[in-house]
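Novice: File model.csv below, CSV, C-alpha atoms and all ligand atoms:
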chain,number,residue,atom,x,y,z
A,11,MET,CA,91.3,91.3,81.4
A,12,LEU,CA,94.7,92.3,80.0
A,13,THR,CA,96.7,90.3,77.5
A,14,PHE,CA,99.7,88.3,78.6
A,15,THR,CA,101.0,85.4,76.6
A,16,ASN,CA,103.1,82.9,78.5
A,17,ARG,CA,105.0,85.6,80.4
A,18,THR,CA,107.5,85.2,83.3
A,19,ALA,CA,108.0,88.2,85.6
A,20,LEU,CA,110.5,88.9,88.4
A,21,VAL,CA,109.3,91.3,91.1
A,22,THR,CA,111.7,92.6,93.7
A,23,GLY,CA,110.5,93.5,97.2
A,24,ALA,CA,107.6,91.1,96.6
A,25,GLY,CA,107.5,90.0,100.2
A,26,ARG,CA,105.3,92.8,101.5
A,27,GLY,CA,103.4,95.9,100.6
A,28,ILE,CA,103.4,97.2,97.0
A,29,GLY,CA,105.6,94.4,95.6
A,30,LYS,CA,103.4,91.7,97.0
A,31,ALA,CA,100.3,93.4,95.4
A,32,ILE,CA,102.2,93.6,92.1
A,33,ALA,CA,103.2,89.9,92.2
A,34,GLU,CA,99.6,88.9,93.0
A,35,ALA,CA,98.2,91.1,90.3
A,36,LEU,CA,100.5,89.7,87.6
A,37,ALA,CA,99.8,86.1,88.8
A,38,ARG,CA,96.1,86.7,88.5
A,39,GLN,CA,96.8,87.5,84.8
A,40,GLY,CA,98.4,84.1,84.3
A,41,VAL,CA,102.0,85.4,84.6
A,42,THR,CA,104.6,83.1,86.3
A,43,VAL,CA,106.1,85.3,89.0
A,44,ILE,CA,109.5,85.0,90.6
A,45,CYS,CA,109.1,86.7,93.9
A,46,VAL,CA,112.3,88.3,95.3
A,47,SER,CA,112.8,89.8,98.8
A,48,LYS,CA,115.6,90.0,101.3
A,49,SER,CA,114.1,87.5,103.7
A,50,ALA,CA,113.3,84.0,102.4
A,51,ASP,CA,110.2,84.0,104.7
A,52,SER,CA,108.5,87.0,103.2
A,53,CYS,CA,109.0,86.1,99.5
A,54,GLY,CA,108.2,82.5,100.3
A,55,ALA,CA,104.9,83.5,101.9
A,56,THR,CA,103.9,85.6,98.8
A,57,ALA,CA,104.8,82.8,96.4
A,58,ALA,CA,102.9,80.3,98.6
A,59,ALA,CA,99.8,82.6,98.6
A,60,ILE,CA,99.9,82.9,94.8
A,61,VAL,CA,100.2,79.1,94.4
A,62,ALA,CA,97.4,78.5,96.9
A,63,ALA,CA,95.2,80.8,94.8
A,64,GLY,CA,95.9,78.8,91.7
A,65,GLY,CA,98.8,80.9,90.2
A,66,LYS,CA,102.4,80.1,89.3
A,67,ALA,CA,105.2,81.5,91.5
A,68,LYS,CA,108.5,80.8,93.1
A,69,ALA,CA,110.5,82.6,95.7
A,70,LEU,CA,114.1,83.7,95.8
A,71,ALA,CA,115.8,85.5,98.7
A,72,VAL,CA,118.4,88.0,97.3
A,73,ASP,CA,119.8,91.2,98.7
A,74,VAL,CA,119.1,93.5,95.7
A,75,ALA,CA,121.9,95.9,96.8
A,76,ASP,CA,124.5,93.2,96.3
A,77,GLY,CA,125.5,93.2,92.6
A,78,ALA,CA,127.3,89.9,92.8
A,79,ALA,CA,124.4,88.2,94.5
A,80,VAL,CA,122.0,89.6,91.9
A,81,ALA,CA,124.3,88.3,89.1
A,82,LYS,CA,124.4,84.8,90.7
A,83,ALA,CA,120.6,84.8,91.2
A,84,CYS,CA,120.1,85.7,87.5
A,85,GLU,CA,122.4,82.9,86.3
A,86,GLN,CA,120.3,80.5,88.3
A,87,ILE,CA,117.0,82.0,87.1
A,88,LEU,CA,118.1,81.9,83.4
A,89,ALA,CA,119.2,78.3,83.7
A,90,GLU,CA,115.5,77.5,84.5
A,91,HIS,CA,113.7,80.1,82.4
A,92,PRO,CA,114.8,81.0,78.8
A,93,THR,CA,113.9,84.6,79.5
A,94,VAL,CA,112.3,86.8,82.1
A,95,ASP,CA,109.9,88.9,80.1
A,96,ILE,CA,108.9,91.4,82.8
A,97,LEU,CA,111.1,93.0,85.4
A,98,VAL,CA,109.6,95.1,88.2
A,99,ASN,CA,112.2,96.9,90.3
A,100,ASN,CA,110.2,97.6,93.4
A,101,ALA,CA,112.5,96.8,96.4
A,102,GLY,CA,113.2,99.9,98.4
A,103,ILE,CA,114.1,101.3,101.8
A,104,THR,CA,114.1,104.7,103.5
A,105,ARG,CA,116.7,106.0,106.0
A,106,ASP,CA,115.3,109.5,106.6
A,107,GLY,CA,117.0,112.4,108.3
A,108,LEU,CA,118.1,116.0,107.6
A,109,VAL,CA,121.2,116.0,105.5
A,110,PHE,CA,123.6,117.4,108.2
A,111,ARG,CA,122.7,114.4,110.3
A,112,MET,CA,122.6,111.8,107.5
A,113,SER,CA,125.4,109.2,107.8
A,114,GLU,CA,127.4,108.0,104.9
A,115,ASP,CA,125.8,104.6,105.5
A,116,ASP,CA,122.2,106.1,105.4
A,117,TRP,CA,123.1,107.7,102.1
A,118,SER,CA,124.8,104.7,100.4
A,119,SER,CA,122.4,102.0,101.6
A,120,VAL,CA,119.4,103.9,100.2
A,121,ILE,CA,121.2,104.6,96.9
A,122,GLU,CA,122.3,101.0,96.6
A,123,THR,CA,119.0,99.4,97.5
A,124,ASN,CA,116.7,101.7,95.6
A,125,LEU,CA,118.8,102.7,92.6
A,126,SER,CA,121.9,100.5,92.0
A,127,SER,CA,119.6,97.4,92.3
A,128,CYS,CA,117.8,98.5,89.2
A,129,PHE,CA,121.1,98.6,87.3
A,130,HIS,CA,122.1,95.2,88.6
A,131,TRP,CA,118.8,93.4,87.6
A,132,THR,CA,118.5,95.2,84.3
A,133,LYS,CA,122.1,94.4,83.3
A,134,ASN,CA,121.6,90.7,83.9
A,135,LEU,CA,118.0,90.2,82.6
A,136,ALA,CA,117.7,92.6,79.7
A,137,ARG,CA,120.0,90.7,77.3
A,138,PRO,CA,117.7,87.7,77.0
A,139,MET,CA,114.8,90.2,76.6
A,140,THR,CA,116.6,91.8,73.7
A,141,ARG,CA,117.0,88.4,72.0
A,142,SER,CA,113.3,87.6,72.3
A,143,ARG,CA,112.5,91.2,71.1
A,144,TRP,CA,109.9,91.7,73.8
A,145,GLY,CA,110.2,93.0,77.3
A,146,ARG,CA,108.7,95.2,80.0
A,147,ILE,CA,110.7,96.9,82.8
A,148,VAL,CA,108.8,98.9,85.4
A,149,ASN,CA,110.7,100.9,88.1
A,150,ILE,CA,108.9,101.9,91.2
A,151,ALA,CA,110.1,105.4,91.9
A,152,SER,CA,108.3,107.9,94.2
A,153,VAL,CA,106.7,111.4,94.2
A,154,SER,CA,109.8,112.2,96.3
A,155,GLY,CA,111.9,111.7,93.2
A,156,ILE,CA,109.7,114.2,91.2
A,157,MET,CA,109.1,116.9,93.9
A,158,GLY,CA,112.0,116.3,96.4
A,159,ASN,CA,111.2,115.9,100.1
A,160,ALA,CA,112.9,117.5,103.1
A,161,GLY,CA,114.5,114.8,105.3
A,162,GLN,CA,114.8,112.4,102.3
A,163,ALA,CA,117.8,113.7,100.4
A,164,ASN,CA,119.1,110.1,99.9
A,165,TYR,CA,115.7,108.7,99.0
A,166,SER,CA,114.7,111.6,96.7
A,167,ALA,CA,118.1,111.3,94.9
A,168,ALA,CA,117.7,107.6,94.5
A,169,LYS,CA,114.1,107.9,93.1
A,170,ALA,CA,115.1,110.8,90.8
A,171,GLY,CA,118.0,108.6,89.6
A,172,MET,CA,115.5,105.8,88.9
A,173,ILE,CA,113.5,108.2,86.7
A,174,GLY,CA,116.7,109.2,84.7
A,175,LEU,CA,117.7,105.5,84.4
A,176,THR,CA,114.1,104.7,83.1
A,177,LYS,CA,114.4,107.3,80.4
A,178,ALA,CA,117.9,106.3,79.3
A,179,LEU,CA,117.0,102.6,79.2
A,180,ALA,CA,113.8,103.3,77.3
A,181,LYS,CA,115.9,104.8,74.5
A,182,GLU,CA,118.5,102.0,74.7
A,183,PHE,CA,116.0,99.2,74.4
A,184,ALA,CA,113.3,100.7,72.2
A,185,SER,CA,114.6,99.0,69.0
A,186,ARG,CA,114.0,95.6,70.7
A,187,SER,CA,110.4,96.3,71.7
A,188,ILE,CA,111.3,96.5,75.3
A,189,THR,CA,109.4,99.2,77.1
A,190,VAL,CA,110.8,100.9,80.3
A,191,ASN,CA,108.5,103.0,82.5
A,192,ALA,CA,108.4,104.3,86.0
A,193,VAL,CA,105.5,104.5,88.5
A,194,ALA,CA,105.8,107.1,91.2
A,195,PRO,CA,103.5,106.3,94.1
A,196,GLY,CA,102.4,108.9,96.6
A,197,PHE,CA,101.6,107.9,100.2
A,198,ILE,CA,100.5,104.2,100.1
A,199,LYS,CA,99.4,102.2,103.2
A,200,THR,CA,102.3,99.7,103.7
A,201,ASP,CA,104.8,98.8,106.4
A,202,MET,CA,107.0,101.7,105.1
A,203,THR,CA,104.4,104.3,106.0
A,204,THR,CA,102.7,102.7,109.1
A,205,ASP,CA,104.3,105.2,111.5
A,206,PHE,CA,102.5,108.2,110.1
A,207,VAL,CA,99.4,106.5,108.6
A,208,ASN,CA,98.5,105.3,112.1
A,209,ASN,CA,99.3,108.6,113.8
A,210,PRO,CA,96.1,110.8,113.3
A,211,GLU,CA,98.0,114.1,113.9
A,212,VAL,CA,100.8,113.3,111.4
A,213,ALA,CA,98.4,111.7,108.9
A,214,GLY,CA,96.2,114.8,108.9
A,215,LYS,CA,99.2,117.0,108.0
A,216,VAL,CA,100.4,114.6,105.3
A,217,LEU,CA,96.9,114.4,103.7
A,218,ASP,CA,96.8,118.2,103.5
A,219,ALA,CA,99.1,117.8,100.5
A,220,VAL,CA,96.9,115.1,98.8
A,221,PRO,CA,94.0,116.4,96.7
A,222,LEU,CA,92.1,113.1,97.0
A,223,LYS,CA,92.5,113.3,100.9
A,224,ARG,CA,93.2,109.7,101.5
A,225,PHE,CA,96.2,107.3,101.5
A,226,GLY,CA,96.5,105.0,98.5
A,227,GLU,CA,96.3,101.2,98.5
A,228,ALA,CA,99.1,98.9,97.3
A,229,THR,CA,96.6,97.3,94.8
A,230,GLU,CA,96.1,100.8,93.2
A,231,ILE,CA,99.9,100.8,92.3
A,232,ALA,CA,99.7,97.2,91.2
A,233,ALA,CA,96.9,97.9,88.8
A,234,MET,CA,99.0,100.5,87.0
A,235,VAL,CA,102.0,98.2,86.9
A,236,ALA,CA,100.0,95.3,85.5
A,237,PHE,CA,98.7,97.5,82.7
A,238,LEU,CA,102.2,98.7,81.9
A,239,CYS,CA,103.4,95.1,81.7
A,240,SER,CA,100.6,94.0,79.4
A,241,GLU,CA,100.5,93.6,75.6
A,242,GLU,CA,98.1,96.6,75.5
A,243,ALA,CA,100.8,99.0,76.8
A,244,GLY,CA,103.3,98.2,74.0
A,245,TYR,CA,103.4,101.8,72.7
A,246,ILE,CA,104.2,103.4,76.1
A,247,THR,CA,107.9,103.9,77.0
A,248,GLY,CA,110.1,106.3,78.9
A,249,GLN,CA,107.2,107.7,81.0
A,250,VAL,CA,106.7,108.4,84.7
A,251,PHE,CA,103.2,107.7,86.0
A,252,ALA,CA,102.4,109.3,89.4
A,253,VAL,CA,99.8,107.3,91.3
A,254,ASP,CA,99.5,109.7,94.2
A,255,GLY,CA,96.0,111.1,94.7
A,256,GLY,CA,97.0,114.2,92.8
A,257,MET,CA,100.0,115.2,94.9
A,258,ALA,CA,102.5,115.8,92.1
A,259,MET,CA,100.3,117.6,89.6
A,301,LIG,P1,107.7,97.8,102.3
A,301,LIG,O1,106.3,97.4,102.7
A,301,LIG,O2,108.7,98.3,103.3
A,301,LIG,O3,108.4,96.5,101.5
A,301,LIG,C1,109.6,96.6,101.0
A,301,LIG,C2,110.0,95.3,100.3
A,301,LIG,O4,111.3,95.5,99.7
A,301,LIG,C3,110.1,94.1,101.2
A,301,LIG,O5,109.6,92.9,100.6
A,301,LIG,C4,111.6,94.0,101.5
A,301,LIG,O6,112.0,92.6,101.7
A,301,LIG,C5,112.1,94.4,100.2
A,301,LIG,N1,113.5,94.8,100.3
A,301,LIG,C6,114.0,95.9,101.0
A,301,LIG,N2,115.4,95.9,100.9
A,301,LIG,C7,115.7,94.9,100.2
A,301,LIG,C8,117.0,94.3,99.8
A,301,LIG,N3,118.1,94.9,100.1
A,301,LIG,N4,117.0,93.2,99.0
A,301,LIG,C9,115.8,92.6,98.7
A,301,LIG,N5,114.6,93.0,99.1
A,301,LIG,C10,114.6,94.2,99.8
A,301,LIG,O7,107.7,98.9,101.2
A,301,LIG,P2,106.6,99.4,100.2
A,301,LIG,O8,105.9,100.5,100.8
A,301,LIG,O9,105.8,98.3,99.7
A,301,LIG,O10,107.5,100.1,99.0
A,301,LIG,C11,107.7,99.4,97.8
A,301,LIG,C12,108.4,100.4,96.8
A,301,LIG,O11,107.5,101.5,96.6
A,301,LIG,C13,109.7,100.9,97.4
A,301,LIG,O12,110.6,101.1,96.3
A,301,LIG,C14,109.3,102.3,97.9
A,301,LIG,O13,110.4,103.2,97.9
A,301,LIG,C15,108.2,102.7,96.9
A,301,LIG,N6,107.3,103.7,97.4
A,301,LIG,C16,106.5,103.4,98.5
A,301,LIG,C17,105.6,104.4,98.9
A,301,LIG,C18,104.7,104.2,100.1
A,301,LIG,O14,104.0,105.1,100.5
A,301,LIG,N7,104.6,103.0,100.6
A,301,LIG,C19,105.6,105.6,98.3
A,301,LIG,C20,106.4,105.9,97.2
A,301,LIG,C21,107.3,104.9,96.8
A,301,LIG,P3,111.7,91.8,103.1
A,301,LIG,O15,110.2,91.5,103.0
A,301,LIG,O16,112.5,90.6,103.0
A,301,LIG,O17,112.0,92.7,104.2
Before anything else, please render the file you have as C-alpha cells.

Specialist:
Amino acid sequence: MLTFTNRTALVTGAGRGIGKAIAEALARQGVTVICVSKSADSCGATAAAIVAAGGKAKALAVDVADGAAVAKACEQILAEHPTVDILVNNAGITRDGLVFRMSEDDWSSVIETNLSSCFHWTKNLARPMTRSRWGRIVNIASVSGIMGNAGQANYSAAKAGMIGLTKALAKEFASRSITVNAVAPGFIKTDMTTDFVNNPEVAGKVLDAVPLKRFGEATEIAAMVAFLCSEEAGYITGQVFAVDGGMAM
C-alpha cells in the first residue's frame, strides 16, 4: 500500500484504456478522482465503476485541446475542491501518416490534444498546488517521443514536447515540493492499438522490437503512475520512465 493523505486527483482521458486504469488505481489508494474525457458517457462510466467499487470519483466531459474549456472546467473544479493535488495528463490521440501526406489538421489536432492540453491543465491547476506546497504532475508521453517513429511525426513531436515540458516544469515547481515526471509507455493493449494487437502478422513484427515479447497492460502503466503520485515518490522529479518491455533501452 502506498501513502496518500486526503488527496484529490484529476486524470484526463480517464474514459478508457490507460487513463481508466490510472483513475481506478488511484481510487483504490483512497484518492478522490475527477475523471475527464471527451465524451460524458465514457468518463461517467469510469466514475460510476469507481463509486460502485467503494471509491470516490466524479466525471467531467471536457475537450482537453480547447484551452478556454479547460480554464472554465478548472474554475468549476476549484470552486468545489480547494486544490487538485495530483494531475495526470493522459488524454491523447494519434493521426498517423507519412509526413508528405499529413494534413495540417492531422498535425495540429495531435499537437493540441497531446501537448497543448498539458499546458492548459497545468497552468490552471498548478497555482493552488504551489499554495499548498505539495503536488504531483505525471504526463503520459510515449516511447515514440524518445525514439521517434516513422509515420508518427506529429505524435512523436507532441510526446517529445511533453518530455521537454515535464523537465521545465520540474525545475519551475521544485521549490514548492511539486514533482513533475513523465511515463513513456511502449505498446499497450487499448483501443488505440487494437488494429495491430489483433492482427497476428502486424503484432508479430511489432513484438520483434520488444525484448519482453508481449504487449503491455494498462494496469502496468497505472502502477508506475500511482507510485509517482504517492508520498513515497517525493524525491523523484523531472524524470522519464519508460514502461515498454525494454523497447527504448
Ligand atoms: P485510448 O484507449 O484511445 O483512450 C484515450 C482517452 O483519451 C479516451 O478516454 C478519450 O476520451 C480521451 N481523449 C482523447 N481526446 C480527447 C480530448 N480532445 N479531450 C478529452 N479527452 C480526450 O488511449 P490509450 O491507449 O489509453 O492512451 C492513453 C495515453 O497513453 C495517450 O496519451 C497515448 O498517447 C499514450 N500512449 C498509449 C500507448 C498505447 O500503446 N496504448 C503507447 C504510448 C503512449 P473518450 O473516451 O471520450 O473518447

Novice: Give me, as a PyMOL selection string, the set of residues whose atoms come within 6 Å of any atom of ligand LIG 301 (chain A), counting all atoms listed in the file.

Specialist: chain A and resi 23-29+47-49+52+72-75+100-103+123+150-152+195-203

Novice: Selection from above, C-alpha atoms, as a PDB file, keeping the file's coordinate frame, can you write it?

Specialist:
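Contents of result.pdb, freshly written:
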ATOM      1  CA  GLY A  23     110.500  93.500  97.200  1.00  0.00           C
ATOM      2  CA  ALA A  24     107.600  91.100  96.600  1.00  0.00           C
ATOM      3  CA  GLY A  25     107.500  90.000 100.200  1.00  0.00           C
ATOM      4  CA  ARG A  26     105.300  92.800 101.500  1.00  0.00           C
ATOM      5  CA  GLY A  27     103.400  95.900 100.600  1.00  0.00           C
ATOM      6  CA  ILE A  28     103.400  97.200  97.000  1.00  0.00           C
ATOM      7  CA  GLY A  29     105.600  94.400  95.600  1.00  0.00           C
ATOM      8  CA  SER A  47     112.800  89.800  98.800  1.00  0.00           C
ATOM      9  CA  LYS A  48     115.600  90.000 101.300  1.00  0.00           C
ATOM     10  CA  SER A  49     114.100  87.500 103.700  1.00  0.00           C
ATOM     11  CA  SER A  52     108.500  87.000 103.200  1.00  0.00           C
ATOM     12  CA  VAL A  72     118.400  88.000  97.300  1.00  0.00           C
ATOM     13  CA  ASP A  73     119.800  91.200  98.700  1.00  0.00           C
ATOM     14  CA  VAL A  74     119.100  93.500  95.700  1.00  0.00           C
ATOM     15  CA  ALA A  75     121.900  95.900  96.800  1.00  0.00           C
ATOM     16  CA  ASN A 100     110.200  97.600  93.400  1.00  0.00           C
ATOM     17  CA  ALA A 101     112.500  96.800  96.400  1.00  0.00           C
ATOM     18  CA  GLY A 102     113.200  99.900  98.400  1.00  0.00           C
ATOM     19  CA  ILE A 103     114.100 101.300 101.800  1.00  0.00           C
ATOM     20  CA  THR A 123     119.000  99.400  97.500  1.00  0.00           C
ATOM     21  CA  ILE A 150     108.900 101.900  91.200  1.00  0.00           C
ATOM     22  CA  ALA A 151     110.100 105.400  91.900  1.00  0.00           C
ATOM     23  CA  SER A 152     108.300 107.900  94.200  1.00  0.00           C
ATOM     24  CA  PRO A 195     103.500 106.300  94.100  1.00  0.00           C
ATOM     25  CA  GLY A 196     102.400 108.900  96.600  1.00  0.00           C
ATOM     26  CA  PHE A 197     101.600 107.900 100.200  1.00  0.00           C
ATOM     27  CA  ILE A 198     100.500 104.200 100.100  1.00  0.00           C
ATOM     28  CA  LYS A 199      99.400 102.200 103.200  1.00  0.00           C
ATOM     29  CA  THR A 200     102.300  99.700 103.700  1.00  0.00           C
ATOM     30  CA  ASP A 201     104.800  98.800 106.400  1.00  0.00           C
ATOM     31  CA  MET A 202     107.000 101.700 105.100  1.00  0.00           C
ATOM     32  CA  THR A 203     104.400 104.300 106.000  1.00  0.00           C
TER      33      THR A 203
END

Novice: Could you jot down the CA of Trp131 (chain A) to CA of Thr15 (chain A) separation for me, Å, one decimal place?

Specialist: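 Going from CA of Trp131 (chain A) over to CA of Thr15 (chain A), I get 22.4 Å.
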
Novice: Which of these residues is nearest to Phe110 (chain A), using all atoms listed in the file: A:Asn124, A:Val61, A:Ala69, A:Gly161?

Specialist: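 For Phe110 (chain A), the nearest of the candidates is A:Gly161.
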
Novice: Check the smallest atom-to-atom distance from each of A:Val193, A:Ala89, A:Ile96, A:Val109 to Asn149 (chain A) using all atoms listed in the file, then report the winner.

Specialist: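 Between A:Val193, A:Ala89, A:Ile96, A:Val109, the residue approaching Asn149 (chain A) most closely is A:Val193.
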
Novice: Report as JSON, numbers by chain all protein, DNA and RNA residues lying within 9 Å of Val41 (chain A), evaluated on all atoms listed in the file, omitting residues in the same chain fewer than 3 positions from it.

Specialist: {"A": [14, 15, 16, 17, 18, 19, 33, 35, 36, 37, 38, 65, 66, 67]}

Novice: Could you turn the residues from that selection into a file that holds C-alpha atoms, as a PDB file, in the frame of the given file?

Specialist:
ATOM      1  CA  PHE A  14      99.700  88.300  78.600  1.00  0.00           C
ATOM      2  CA  THR A  15     101.000  85.400  76.600  1.00  0.00           C
ATOM      3  CA  ASN A  16     103.100  82.900  78.500  1.00  0.00           C
ATOM      4  CA  ARG A  17     105.000  85.600  80.400  1.00  0.00           C
ATOM      5  CA  THR A  18     107.500  85.200  83.300  1.00  0.00           C
ATOM      6  CA  ALA A  19     108.000  88.200  85.600  1.00  0.00           C
ATOM      7  CA  ALA A  33     103.200  89.900  92.200  1.00  0.00           C
ATOM      8  CA  ALA A  35      98.200  91.100  90.300  1.00  0.00           C
ATOM      9  CA  LEU A  36     100.500  89.700  87.600  1.00  0.00           C
ATOM     10  CA  ALA A  37      99.800  86.100  88.800  1.00  0.00           C
ATOM     11  CA  ARG A  38      96.100  86.700  88.500  1.00  0.00           C
ATOM     12  CA  GLY A  65      98.800  80.900  90.200  1.00  0.00           C
ATOM     13  CA  LYS A  66     102.400  80.100  89.300  1.00  0.00           C
ATOM     14  CA  ALA A  67     105.200  81.500  91.500  1.00  0.00           C
TER      15      ALA A  67
END

Novice: CA of Leu175 (chain A) to CA of Glu227 (chain A): how many Å, to one decimal?

Specialist: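 For CA of Leu175 (chain A) relative to CA of Glu227 (chain A), the distance reads 26.0 Å.
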
Novice: What is the CA of Arg186 (chain A) to CA of Gly244 (chain A) distance in Å?

Specialist: 11.5 Å

Novice: Determine, counting all atoms listed in the file, which protein, DNA and RNA residues have an atom within 9 Å of an atom of Leu108 (chain A); residues of the same chain fewer than 3 positions away are not included. Present the result as a VMD selection string.

Specialist: chain A and resid 111 to 112 160 to 163

Novice: Considering all atoms listed in the file, return as a count of residues only whatever protein or nucleic-acid residues lie within 8 Å of Gly256 (chain A), sequence-local ones (same chain, fewer than 3 positions apart) excluded.

Specialist: 5

Novice: From the set A:Cys128, A:Ile188, A:Leu70, A:Ala83, which residue has the shortest atom-to-atom contact distance to Ile246 (chain A), counting all atoms listed in the file?

Specialist: A:Ile188

Novice: From the options A:Ala78, A:Ala184, A:Val207, A:Leu20, which residue's atoms come nearest to Val148 (chain A), counting all atoms listed in the file?

Specialist: A:Leu20
